[in-house]
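> Got a structure for you, questions after.
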Amino acid sequence: MKKTNNEGSLDSLYRSILVLRDERECAAYFEDLCTIAEIKALAQRLEVARMLKEGKTYTEVESLTGASSATISRVNRCLENGAGGYCVVLERLEKDV
């Protein structure tokens, strides 16, 4: 089955992230790829996911991160019923600490 242009573009994006060698390269790439607001939003979602995995309440997460209840809810839905990406990343980051 032939991929659509969008699917091919997504594959290229995912592969482009995988070729980065360190945090410095990753920071430079994301600075070129995204706006500062987009990068901060991504970082905030990861922090929300980490806190929810630790068992913090929505109120605690909102207070500590400034994330909206809608963002917290969306991240929580991903943790509970998503593709598992947050869990993989958080588990691996925890092992690196």
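Note on naming: chains are A, B, ... as they come in the structure tokens, residues start from 1 per chain, ligands start from 1 in the order shown.
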Find the residues around Ala43 of chain A up to 12 Å (only C-alpha atoms counted), leave out those fewer than 3 positions away in its own chain, and share them as a list in words.
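Near neighbours after the sequence-gap exclusion: Ala27, Phe30, Ile36, Ala37, Glu38, Ile39, Lys40, Leu46, Glu47, Val48, Ala49, Arg50, Thr65, Ala67 and Tyr86 of chain A.
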> Output C-alpha atoms for every residue in that selection, as an mmCIF file, in the first residue's frame.

data_model
loop_
_atom_site.group_PDB
_atom_site.id
_atom_site.type_symbol
_atom_site.label_atom_id
_atom_site.label_comp_id
_atom_site.auth_asym_id
_atom_site.auth_seq_id
_atom_site.Cartn_x
_atom_site.Cartn_y
_atom_site.Cartn_z
ATOM 1 C CA ALA A 27 17.946 21.561 21.309
ATOM 2 C CA PHE A 30 13.855 21.788 18.000
ATOM 3 C CA ILE A 36 9.642 28.648 21.666
ATOM 4 C CA ALA A 37 5.980 28.420 22.719
ATOM 5 C CA GLU A 38 5.632 25.010 21.036
ATOM 6 C CA ILE A 39 8.785 23.707 22.713
ATOM 7 C CA LYS A 40 7.574 24.944 26.100
ATOM 8 C CA LEU A 46 6.014 15.772 29.509
ATOM 9 C CA GLU A 47 6.227 17.271 33.004
ATOM 10 C CA VAL A 48 2.461 16.838 33.440
ATOM 11 C CA ALA A 49 2.777 13.198 32.402
ATOM 12 C CA ARG A 50 5.624 12.643 34.859
ATOM 13 C CA THR A 65 3.147 23.434 36.093
ATOM 14 C CA ALA A 67 -0.945 23.659 32.728
ATOM 15 C CA TYR A 86 4.777 8.840 27.450
#
> Would you please extract all alpha helix (DSSP H) residues from segment 23-81 of chain A, as assigned by DSSP on the backbone, and give them as a VMD selection string?
chain A and resid 23 to 33 36 to 53 58 to 65 69 to 81
> Let me make sure I understand: among A:Cys78, A:Leu13, A:Glu23, A:Arg45, which one has the smallest atom-to-atom distance to Glu62 of chain A if we use only C-alpha atoms?
A:Arg45
